[in-house]
$ cat entry_23.cif   # mmCIF, C-alpha atoms, pLDDT in the B column; chains and numbers go by the auth columns
data_model
#
loop_
_atom_site.group_PDB
_atom_site.id
_atom_site.type_symbol
_atom_site.label_atom_id
_atom_site.label_comp_id
_atom_site.label_asym_id
_atom_site.label_seq_id
_atom_site.Cartn_x
_atom_site.Cartn_y
_atom_site.Cartn_z
_atom_site.B_iso_or_equiv
_atom_site.auth_seq_id
_atom_site.auth_asym_id
ATOM 1 C CA MET A 1 2.783 -17.634 55.877 53.00 207 A
ATOM 2 C CA VAL A 2 2.733 -20.433 53.320 51.00 208 A
ATOM 3 C CA TYR A 3 -0.499 -19.022 51.920 54.00 209 A
ATOM 4 C CA ILE A 4 1.082 -15.571 51.494 57.00 210 A
ATOM 5 C CA ASP A 5 4.111 -17.049 49.722 58.00 211 A
ATOM 6 C CA ARG A 6 1.861 -18.899 47.291 61.00 212 A
ATOM 7 C CA LEU A 7 -0.183 -15.782 46.677 49.00 213 A
ATOM 8 C CA ILE A 8 2.981 -13.793 45.892 53.00 214 A
ATOM 9 C CA ARG A 9 4.114 -16.488 43.441 59.00 215 A
ATOM 10 C CA ILE A 10 0.704 -16.479 41.715 52.00 216 A
ATOM 11 C CA ILE A 11 0.774 -12.684 41.359 55.00 217 A
ATOM 12 C CA TYR A 12 4.362 -12.807 40.042 50.00 218 A
ATOM 13 C CA VAL A 13 3.526 -15.454 37.425 47.00 219 A
ATOM 14 C CA TYR A 14 0.350 -13.623 36.395 51.00 220 A
ATOM 15 C CA LYS A 15 2.161 -10.310 35.878 57.00 221 A
ATOM 16 C CA HIS A 16 4.941 -11.901 33.829 52.00 222 A
ATOM 17 C CA ASP A 17 2.477 -13.896 31.739 56.00 223 A
ATOM 18 C CA ARG A 18 0.601 -10.694 30.928 57.00 224 A
ATOM 19 C CA GLN A 19 3.840 -8.898 30.049 56.00 225 A
ATOM 20 C CA GLY A 20 4.854 -11.785 27.801 53.00 226 A
ATOM 21 C CA THR A 21 1.479 -11.780 26.081 50.00 227 A
ATOM 22 C CA ALA A 22 1.688 -8.014 25.555 49.00 228 A
ATOM 23 C CA CYS A 23 5.181 -8.301 24.066 47.00 229 A
ATOM 24 C CA ALA A 24 4.081 -11.123 21.785 46.00 230 A
ATOM 25 C CA ALA A 25 1.093 -9.091 20.625 45.00 231 A
ATOM 26 C CA GLN A 26 3.322 -6.092 19.939 49.00 232 A
ATOM 27 C CA ASN A 27 5.755 -8.251 17.971 46.00 233 A
ATOM 28 C CA GLU A 28 2.875 -9.540 15.842 45.00 234 A
ATOM 29 C CA VAL A 29 1.795 -5.969 15.099 46.00 235 A
ATOM 30 C CA GLU A 30 5.318 -4.944 14.145 52.00 236 A
ATOM 31 C CA LYS A 31 5.487 -7.736 11.587 80.00 237 A
ATOM 32 C CA MET A 32 2.510 -6.438 9.613 96.00 238 A
ATOM 33 C CA LYS A 33 3.055 -5.078 6.119 98.00 239 A
ATOM 34 C CA LEU A 34 1.219 -1.978 4.938 98.00 240 A
ATOM 35 C CA ILE A 35 0.111 -1.936 1.295 98.00 241 A
ATOM 36 C CA VAL A 36 -1.235 1.480 0.288 98.00 242 A
ATOM 37 C CA GLY A 37 -2.982 2.247 -2.983 98.00 243 A
ATOM 38 C CA LEU A 38 -3.349 5.942 -3.783 98.00 244 A
ATOM 39 C CA GLY A 39 -6.402 7.649 -5.199 98.00 245 A
ATOM 40 C CA ASN A 40 -9.248 10.044 -4.516 98.00 246 A
ATOM 41 C CA PRO A 41 -12.462 9.077 -2.692 97.00 247 A
ATOM 42 C CA THR A 42 -16.053 9.416 -3.936 94.00 248 A
ATOM 43 C CA ARG A 43 -17.638 7.998 -7.104 94.00 249 A
ATOM 44 C CA GLU A 44 -16.652 11.063 -9.086 95.00 250 A
ATOM 45 C CA TYR A 45 -13.060 9.825 -9.295 96.00 251 A
ATOM 46 C CA ALA A 46 -13.714 6.101 -9.682 96.00 252 A
ATOM 47 C CA GLY A 47 -11.914 4.662 -12.703 95.00 253 A
ATOM 48 C CA THR A 48 -9.749 7.727 -13.318 97.00 254 A
ATOM 49 C CA ARG A 49 -6.041 7.519 -14.102 97.00 255 A
ATOM 50 C CA HIS A 50 -5.191 8.970 -10.688 97.00 256 A
ATOM 51 C CA ASN A 51 -7.094 6.150 -8.970 98.00 257 A
ATOM 52 C CA VAL A 52 -5.089 3.258 -10.365 98.00 258 A
ATOM 53 C CA GLY A 53 -3.655 2.636 -6.891 98.00 259 A
ATOM 54 C CA PHE A 54 -7.160 2.069 -5.555 98.00 260 A
ATOM 55 C CA GLY A 55 -7.744 -0.314 -8.439 98.00 261 A
ATOM 56 C CA VAL A 56 -4.768 -2.457 -7.453 98.00 262 A
ATOM 57 C CA ILE A 57 -5.951 -2.640 -3.837 98.00 263 A
ATOM 58 C CA ASP A 58 -9.413 -3.676 -5.050 98.00 264 A
ATOM 59 C CA GLU A 59 -7.851 -6.374 -7.236 98.00 265 A
ATOM 60 C CA LEU A 60 -5.755 -7.668 -4.334 97.00 266 A
ATOM 61 C CA ALA A 61 -8.735 -7.606 -1.995 98.00 267 A
ATOM 62 C CA GLU A 62 -10.832 -9.640 -4.425 97.00 268 A
ATOM 63 C CA LYS A 63 -8.126 -12.208 -5.203 97.00 269 A
ATOM 64 C CA GLU A 64 -7.091 -12.654 -1.564 97.00 270 A
ATOM 65 C CA ARG A 65 -10.611 -12.355 -0.125 97.00 271 A
ATOM 66 C CA ILE A 66 -9.848 -9.393 2.106 98.00 272 A
ATOM 67 C CA SER A 67 -12.616 -6.912 2.882 98.00 273 A
ATOM 68 C CA VAL A 68 -11.309 -3.354 2.637 98.00 274 A
ATOM 69 C CA ASP A 69 -14.277 -1.642 4.219 97.00 275 A
ATOM 70 C CA THR A 70 -13.224 -0.581 7.724 97.00 276 A
ATOM 71 C CA LYS A 71 -13.171 3.204 8.081 97.00 277 A
ATOM 72 C CA LYS A 72 -10.170 3.987 10.245 97.00 278 A
ATOM 73 C CA HIS A 73 -7.146 6.304 10.218 98.00 279 A
ATOM 74 C CA LYS A 74 -8.648 8.461 7.450 98.00 280 A
ATOM 75 C CA ALA A 75 -8.703 5.416 5.182 98.00 281 A
ATOM 76 C CA LEU A 76 -10.582 2.312 4.169 98.00 282 A
ATOM 77 C CA ILE A 77 -8.532 -0.597 5.475 98.00 283 A
ATOM 78 C CA GLY A 78 -8.648 -4.366 5.561 98.00 284 A
ATOM 79 C CA LYS A 79 -6.455 -6.974 7.233 97.00 285 A
ATOM 80 C CA GLY A 80 -5.491 -10.367 5.919 97.00 286 A
ATOM 81 C CA ILE A 81 -2.650 -12.643 4.868 96.00 287 A
ATOM 82 C CA ILE A 82 -0.948 -12.515 1.469 96.00 288 A
ATOM 83 C CA GLY A 83 2.023 -14.664 0.572 92.00 289 A
ATOM 84 C CA GLY A 84 2.306 -15.812 4.165 92.00 290 A
ATOM 85 C CA GLU A 85 2.586 -12.248 5.476 95.00 291 A
ATOM 86 C CA LYS A 86 0.091 -10.390 7.648 97.00 292 A
ATOM 87 C CA VAL A 87 -0.948 -7.291 5.725 98.00 293 A
ATOM 88 C CA ILE A 88 -3.032 -4.172 5.970 98.00 294 A
ATOM 89 C CA LEU A 89 -4.526 -3.014 2.678 98.00 295 A
ATOM 90 C CA ALA A 90 -5.319 0.700 2.731 98.00 296 A
ATOM 91 C CA LYS A 91 -7.026 3.262 0.525 98.00 297 A
ATOM 92 C CA PRO A 92 -6.553 6.750 2.045 98.00 298 A
ATOM 93 C CA GLN A 93 -9.755 8.797 1.983 98.00 299 A
ATOM 94 C CA THR A 94 -8.081 12.184 2.508 97.00 300 A
ATOM 95 C CA TYR A 95 -7.911 13.052 -1.193 95.00 301 A
ATOM 96 C CA MET A 96 -4.623 12.534 -2.968 97.00 302 A
ATOM 97 C CA ASN A 97 -2.640 15.551 -1.753 96.00 303 A
ATOM 98 C CA LEU A 98 -3.097 14.615 1.917 98.00 304 A
ATOM 99 C CA SER A 99 -2.452 10.871 1.623 98.00 305 A
ATOM 100 C CA GLY A 100 0.478 11.121 4.023 98.00 306 A
ATOM 101 C CA GLU A 101 -1.816 12.022 6.914 98.00 307 A
ATOM 102 C CA SER A 102 -3.553 8.669 6.659 98.00 308 A
ATOM 103 C CA VAL A 103 -0.360 6.673 6.117 98.00 309 A
ATOM 104 C CA ARG A 104 1.290 8.314 9.136 98.00 310 A
ATOM 105 C CA GLU A 105 -1.685 7.455 11.362 98.00 311 A
ATOM 106 C CA ILE A 106 -1.606 3.811 10.264 98.00 312 A
ATOM 107 C CA MET A 107 2.158 3.625 10.770 97.00 313 A
ATOM 108 C CA ASP A 108 1.919 5.018 14.295 97.00 314 A
ATOM 109 C CA TYR A 109 -1.065 2.942 15.379 96.00 315 A
ATOM 110 C CA TYR A 110 0.322 -0.401 14.158 96.00 316 A
ATOM 111 C CA HIS A 111 4.009 0.397 14.780 96.00 317 A
ATOM 112 C CA ILE A 112 4.851 -0.168 11.122 97.00 318 A
ATOM 113 C CA GLU A 113 8.388 0.603 9.961 96.00 319 A
ATOM 114 C CA LEU A 114 9.335 2.187 6.641 96.00 320 A
ATOM 115 C CA GLU A 115 10.734 -1.079 5.289 96.00 321 A
ATOM 116 C CA ASP A 116 7.320 -2.710 5.755 97.00 322 A
ATOM 117 C CA ILE A 117 5.435 -0.208 3.582 98.00 323 A
ATOM 118 C CA LEU A 118 4.609 -0.533 -0.111 98.00 324 A
ATOM 119 C CA ILE A 119 2.805 2.245 -1.977 98.00 325 A
ATOM 120 C CA ILE A 120 1.101 1.897 -5.354 98.00 326 A
ATOM 121 C CA PHE A 121 0.283 4.824 -7.612 98.00 327 A
ATOM 122 C CA ASP A 122 -0.104 6.121 -11.177 98.00 328 A
ATOM 123 C CA ASP A 123 2.795 7.374 -13.303 97.00 329 A
ATOM 124 C CA VAL A 124 2.429 9.496 -16.443 97.00 330 A
ATOM 125 C CA SER A 125 5.994 8.783 -17.571 95.00 331 A
ATOM 126 C CA LEU A 126 5.219 5.103 -18.197 97.00 332 A
ATOM 127 C CA ASP A 127 3.173 3.519 -20.983 97.00 333 A
ATOM 128 C CA VAL A 128 -0.336 2.459 -19.997 97.00 334 A
ATOM 129 C CA GLY A 129 -0.158 -0.723 -17.904 97.00 335 A
ATOM 130 C CA GLN A 130 3.634 -0.712 -17.631 97.00 336 A
ATOM 131 C CA LEU A 131 5.013 -1.307 -14.125 98.00 337 A
ATOM 132 C CA ARG A 132 8.079 0.119 -12.469 98.00 338 A
ATOM 133 C CA ILE A 133 9.030 -1.229 -9.034 98.00 339 A
ATOM 134 C CA ARG A 134 11.521 0.693 -6.895 98.00 340 A
ATOM 135 C CA ALA A 135 12.893 0.357 -3.354 97.00 341 A
ATOM 136 C CA LYS A 136 12.906 4.132 -2.859 97.00 342 A
ATOM 137 C CA GLY A 137 12.864 7.406 -4.755 95.00 343 A
ATOM 138 C CA SER A 138 11.590 10.950 -5.000 95.00 344 A
ATOM 139 C CA ALA A 139 7.942 11.932 -5.416 94.00 345 A
ATOM 140 C CA GLY A 140 8.548 12.566 -9.125 92.00 346 A
ATOM 141 C CA GLY A 141 5.898 15.259 -9.162 92.00 347 A
ATOM 142 C CA HIS A 142 3.215 13.000 -7.663 96.00 348 A
ATOM 143 C CA ASN A 143 1.475 14.927 -4.868 96.00 349 A
ATOM 144 C CA GLY A 144 0.227 11.842 -3.059 97.00 350 A
ATOM 145 C CA VAL A 145 3.734 10.404 -2.845 98.00 351 A
ATOM 146 C CA LYS A 146 5.082 13.832 -1.876 97.00 352 A
ATOM 147 C CA SER A 147 2.669 13.915 1.070 98.00 353 A
ATOM 148 C CA ILE A 148 3.649 10.407 2.202 98.00 354 A
ATOM 149 C CA ILE A 149 7.366 11.209 2.046 98.00 355 A
ATOM 150 C CA ALA A 150 6.786 14.399 4.055 97.00 356 A
ATOM 151 C CA HIS A 151 4.823 12.634 6.793 97.00 357 A
ATOM 152 C CA ALA A 152 7.052 9.556 6.870 97.00 358 A
ATOM 153 C CA GLY A 153 10.185 11.692 6.968 96.00 359 A
ATOM 154 C CA SER A 154 11.928 9.606 4.306 97.00 360 A
ATOM 155 C CA ASN A 155 11.778 8.689 0.624 97.00 361 A
ATOM 156 C CA GLU A 156 13.060 5.176 1.343 97.00 362 A
ATOM 157 C CA ILE A 157 9.667 3.613 0.768 98.00 363 A
ATOM 158 C CA ALA A 158 9.125 0.777 -1.692 98.00 364 A
ATOM 159 C CA ARG A 159 6.711 1.533 -4.481 98.00 365 A
ATOM 160 C CA ILE A 160 4.977 0.115 -7.536 98.00 366 A
ATOM 161 C CA LYS A 161 4.332 2.697 -10.236 98.00 367 A
ATOM 162 C CA VAL A 162 1.625 1.847 -12.727 98.00 368 A
ATOM 163 C CA GLY A 163 1.825 3.582 -16.075 97.00 369 A
ATOM 164 C CA VAL A 164 -1.152 5.615 -17.248 98.00 370 A
ATOM 165 C CA GLY A 165 0.500 7.062 -20.346 97.00 371 A
ATOM 166 C CA GLU A 166 1.884 10.476 -21.197 95.00 372 A
ATOM 167 C CA LYS A 167 -0.560 13.363 -21.329 93.00 373 A
ATOM 168 C CA PRO A 168 -1.257 15.095 -24.657 92.00 374 A
ATOM 169 C CA ALA A 169 1.024 18.069 -25.253 91.00 375 A
ATOM 170 C CA ARG A 170 -1.528 20.839 -24.748 89.00 376 A
ATOM 171 C CA MET A 171 -3.586 19.176 -22.028 93.00 377 A
ATOM 172 C CA ASP A 172 -3.447 20.205 -18.372 94.00 378 A
ATOM 173 C CA LEU A 173 -1.870 17.470 -16.212 94.00 379 A
ATOM 174 C CA ALA A 174 -4.627 17.618 -13.591 94.00 380 A
ATOM 175 C CA ASP A 175 -7.311 17.230 -16.267 95.00 381 A
ATOM 176 C CA TYR A 176 -5.438 14.275 -17.735 96.00 382 A
ATOM 177 C CA VAL A 177 -4.911 12.271 -14.526 96.00 383 A
ATOM 178 C CA LEU A 178 -8.494 12.942 -13.434 96.00 384 A
ATOM 179 C CA GLY A 179 -9.762 11.652 -16.760 97.00 385 A
ATOM 180 C CA LYS A 180 -10.764 8.060 -17.525 96.00 386 A
ATOM 181 C CA PHE A 181 -9.300 5.403 -19.787 96.00 387 A
ATOM 182 C CA HIS A 182 -10.793 4.751 -23.207 94.00 388 A
ATOM 183 C CA GLY A 183 -10.460 2.272 -26.042 95.00 389 A
ATOM 184 C CA GLU A 184 -7.375 0.050 -26.056 96.00 390 A
ATOM 185 C CA ASP A 185 -6.091 1.722 -22.900 97.00 391 A
ATOM 186 C CA LEU A 186 -8.910 0.135 -20.905 97.00 392 A
ATOM 187 C CA GLU A 187 -7.638 -3.367 -21.611 97.00 393 A
ATOM 188 C CA LYS A 188 -4.021 -2.319 -21.059 97.00 394 A
ATOM 189 C CA ILE A 189 -4.747 -0.799 -17.655 98.00 395 A
ATOM 190 C CA ARG A 190 -6.771 -3.845 -16.592 97.00 396 A
ATOM 191 C CA GLU A 191 -3.730 -5.991 -17.373 97.00 397 A
ATOM 192 C CA GLY A 192 -1.483 -3.501 -15.585 98.00 398 A
ATOM 193 C CA ILE A 193 -3.631 -3.606 -12.458 98.00 399 A
ATOM 194 C CA GLU A 194 -3.641 -7.404 -12.495 98.00 400 A
ATOM 195 C CA ASP A 195 0.143 -7.443 -12.934 98.00 401 A
ATOM 196 C CA ALA A 196 0.597 -4.969 -10.073 98.00 402 A
ATOM 197 C CA ALA A 197 -1.485 -7.146 -7.760 98.00 403 A
ATOM 198 C CA LYS A 198 0.611 -10.169 -8.733 97.00 404 A
ATOM 199 C CA ALA A 199 3.776 -8.127 -8.169 98.00 405 A
ATOM 200 C CA VAL A 200 2.671 -7.324 -4.625 98.00 406 A
ATOM 201 C CA LYS A 201 2.436 -11.037 -3.907 97.00 407 A
ATOM 202 C CA VAL A 202 5.885 -11.687 -5.370 97.00 408 A
ATOM 203 C CA ILE A 203 7.323 -8.889 -3.212 98.00 409 A
ATOM 204 C CA LEU A 204 5.758 -10.388 -0.086 97.00 410 A
ATOM 205 C CA GLU A 205 6.846 -13.944 -0.899 96.00 411 A
ATOM 206 C CA GLU A 206 10.256 -13.402 -2.498 96.00 412 A
ATOM 207 C CA GLY A 207 11.316 -9.781 -2.044 96.00 413 A
ATOM 208 C CA LEU A 208 11.663 -6.634 -4.128 97.00 414 A
ATOM 209 C CA GLN A 209 14.480 -7.725 -6.432 97.00 415 A
ATOM 210 C CA PRO A 210 12.719 -10.809 -7.851 97.00 416 A
ATOM 211 C CA ALA A 211 9.643 -8.639 -8.448 97.00 417 A
ATOM 212 C CA MET A 212 11.770 -6.012 -10.220 97.00 418 A
ATOM 213 C CA ASN A 213 13.372 -8.661 -12.398 96.00 419 A
ATOM 214 C CA LYS A 214 9.987 -10.009 -13.412 96.00 420 A
ATOM 215 C CA TYR A 215 7.892 -6.872 -13.853 96.00 421 A
ATOM 216 C CA ASN A 216 10.185 -3.941 -14.651 96.00 422 A
ATOM 217 C CA GLN A 217 10.828 -4.998 -18.221 82.00 423 A
ATOM 218 C CA SER A 218 8.933 -3.121 -20.907 71.00 424 A
ATOM 219 C CA LYS A 219 5.865 -4.901 -22.226 68.00 425 A
ATOM 220 C CA LYS A 220 7.044 -4.011 -25.731 60.00 426 A
ATOM 221 C CA ASN A 221 10.199 -6.035 -25.143 52.00 427 A
ATOM 222 C CA ALA A 222 8.623 -8.829 -23.087 51.00 428 A
#
$ encode --input "entry_23.cif" --output "structure tokens"
Amino acid sequence: MVYIDRLIRIIYVYKHDRQGTACAAQNEVEKMKLIVGLGNPTREYAGTRHNVGFGVIDELAEKERISVDTKKHKALIGKGIIGGEKVILAKPQTYMNLSGESVREIMDYYHIELEDILIIFDDVSLDVGQLRIRAKGSAGGHNGVKSIIAHAGSNEIARIKVGVGEKPARMDLADYVLGKFHGEDLEKIREGIEDAAKAVKVILEEGLQPAMNKYNQSKKNA
């Protein structure tokens, strides 16, 4: 009888330990931040205006020594720690217009909430290299963001917009964003990508508002 009582206690403790471990593991997952850079896959689109988001993820990955090479959830992803926060860096491989499919899969798999997502993408309404950080907002005509909002079911997603400059008056928008940077714009966008990567770290360490205060000012007035 004593043996049976001890066995019951052992089983009880074992079950509760496993439940506690599972809960702790789930809590760790829920604390992860998702940083998504938007762009198009394949070499054909490398270095184009529309792939600035990928460029920021690459910059972050290099600076923080995170390998973004795991093919999962229709994306290339990498896990690491930035600014004391556990993060997932992601580059959706669905092509721009379907980016939301990948983001939704990552959200569901890792139990990531809207407030723990940051998306980074190009913006033709901003000067080349200029940043604009927002806590939420519409797609603003950007199909990748439109897809994410549709799949997430909300536009309350923090974002960093990286300016790629206004398109020439008679040029098709698609042709412009799928084109590459030239001349002075190359240096400006390199600086913009570096600034965006630094802004991500400020957001993770201090929050959105300090990052807005630091990076939303025009470079012309800085």
$ residues_near_point --input "entry_23.cif" --point "(-6.4, 7.2, 10.6)" --cutoff "6 Å" --atoms "only C-alpha atoms" --output "VMD selection string"
chain A and resid 278 to 280 308 311 to 312
$ residues_around --input "entry_23.cif" --residues "A:Ile363" --least-positions-apart "6" --cutoff "7 Å" --atoms "all atoms listed in the file" --output "list in words"
Leu320, Glu321, Ile323, Leu324, Ala341 and Lys342 of chain A
$ closest_residue --input "entry_23.cif" --among "A:Arg249, A:Lys352, A:Lys420, A:Lys239" --to "A:Gly284" --atoms "all atoms listed in the file"
A:Lys239
$ axis_aligned_box --input "entry_23.cif" --around "stretch 243-254 of chain A" --padding-each-side "3 Å" --output "AutoDock Vina command-line options"
--center_x -10.3 --center_y 6.7 --center_z -8.0 --size_x 20.7 --size_y 14.8 --size_z 16.6
$ atom_distance --input "entry_23.cif" --atom1 "atom CA of A:Phe387" --atom2 "atom CA of A:Asp333"
12.7 Å
$ atom_distance --input "entry_23.cif" --atom1 "atom CA of A:Pro298" --atom2 "atom CA of A:Glu412"
26.6 Å
$ resolve_selection --input "entry_23.cif" --expression "the PyMOL selection byres ((chain A and resi 242) around 7)" --output "PyMOL selection string"
chain A and resi 240-241+243-244+295-297+324-326
$ atom_distance --input "entry_23.cif" --atom1 "atom CA of A:Asp314" --atom2 "atom CA of A:Ile283"
14.8 Å
$ resolve_selection --input "entry_23.cif" --expression "the PyMOL selection byres ((chain A and resi 358) around 10)" --output "PDB file with C-alpha atoms, in the coordinates of the input"
ATOM      1  CA  GLY A 306       0.478  11.121   4.023  1.00 98.00           C
ATOM      2  CA  GLU A 307      -1.816  12.022   6.914  1.00 98.00           C
ATOM      3  CA  VAL A 309      -0.360   6.673   6.117  1.00 98.00           C
ATOM      4  CA  ARG A 310       1.290   8.314   9.136  1.00 98.00           C
ATOM      5  CA  MET A 313       2.158   3.625  10.770  1.00 97.00           C
ATOM      6  CA  GLU A 319       8.388   0.603   9.961  1.00 96.00           C
ATOM      7  CA  LEU A 320       9.335   2.187   6.641  1.00 96.00           C
ATOM      8  CA  LYS A 352       5.082  13.832  -1.876  1.00 97.00           C
ATOM      9  CA  SER A 353       2.669  13.915   1.070  1.00 98.00           C
ATOM     10  CA  ILE A 354       3.649  10.407   2.202  1.00 98.00           C
ATOM     11  CA  ILE A 355       7.366  11.209   2.046  1.00 98.00           C
ATOM     12  CA  ALA A 356       6.786  14.399   4.055  1.00 97.00           C
ATOM     13  CA  HIS A 357       4.823  12.634   6.793  1.00 97.00           C
ATOM     14  CA  GLY A 359      10.185  11.692   6.968  1.00 96.00           C
ATOM     15  CA  SER A 360      11.928   9.606   4.306  1.00 97.00           C
ATOM     16  CA  ASN A 361      11.778   8.689   0.624  1.00 97.00           C
ATOM     17  CA  GLU A 362      13.060   5.176   1.343  1.00 97.00           C
ATOM     18  CA  ILE A 363       9.667   3.613   0.768  1.00 98.00           C
TER      19      ILE A 363
END
$ resolve_selection --input "entry_23.cif" --expression "the PyMOL selection byres ((chain A and resi 400) around 12)" --output "PyMOL selection string"
chain A and resi 258-259+261-269+335-337+368+393-399+401-407+421
$ closest_residue --input "entry_23.cif" --among "A:Gly350, A:Gly389, A:Gly290, A:Pro374" --to "A:Ser331" --atoms "all atoms listed in the file"
A:Pro374
$ closest_residue --input "entry_23.cif" --among "A:Lys237, A:Ile339, A:Ala364, A:Ala252" --to "A:Leu384" --atoms "all atoms listed in the file"
A:Ala252
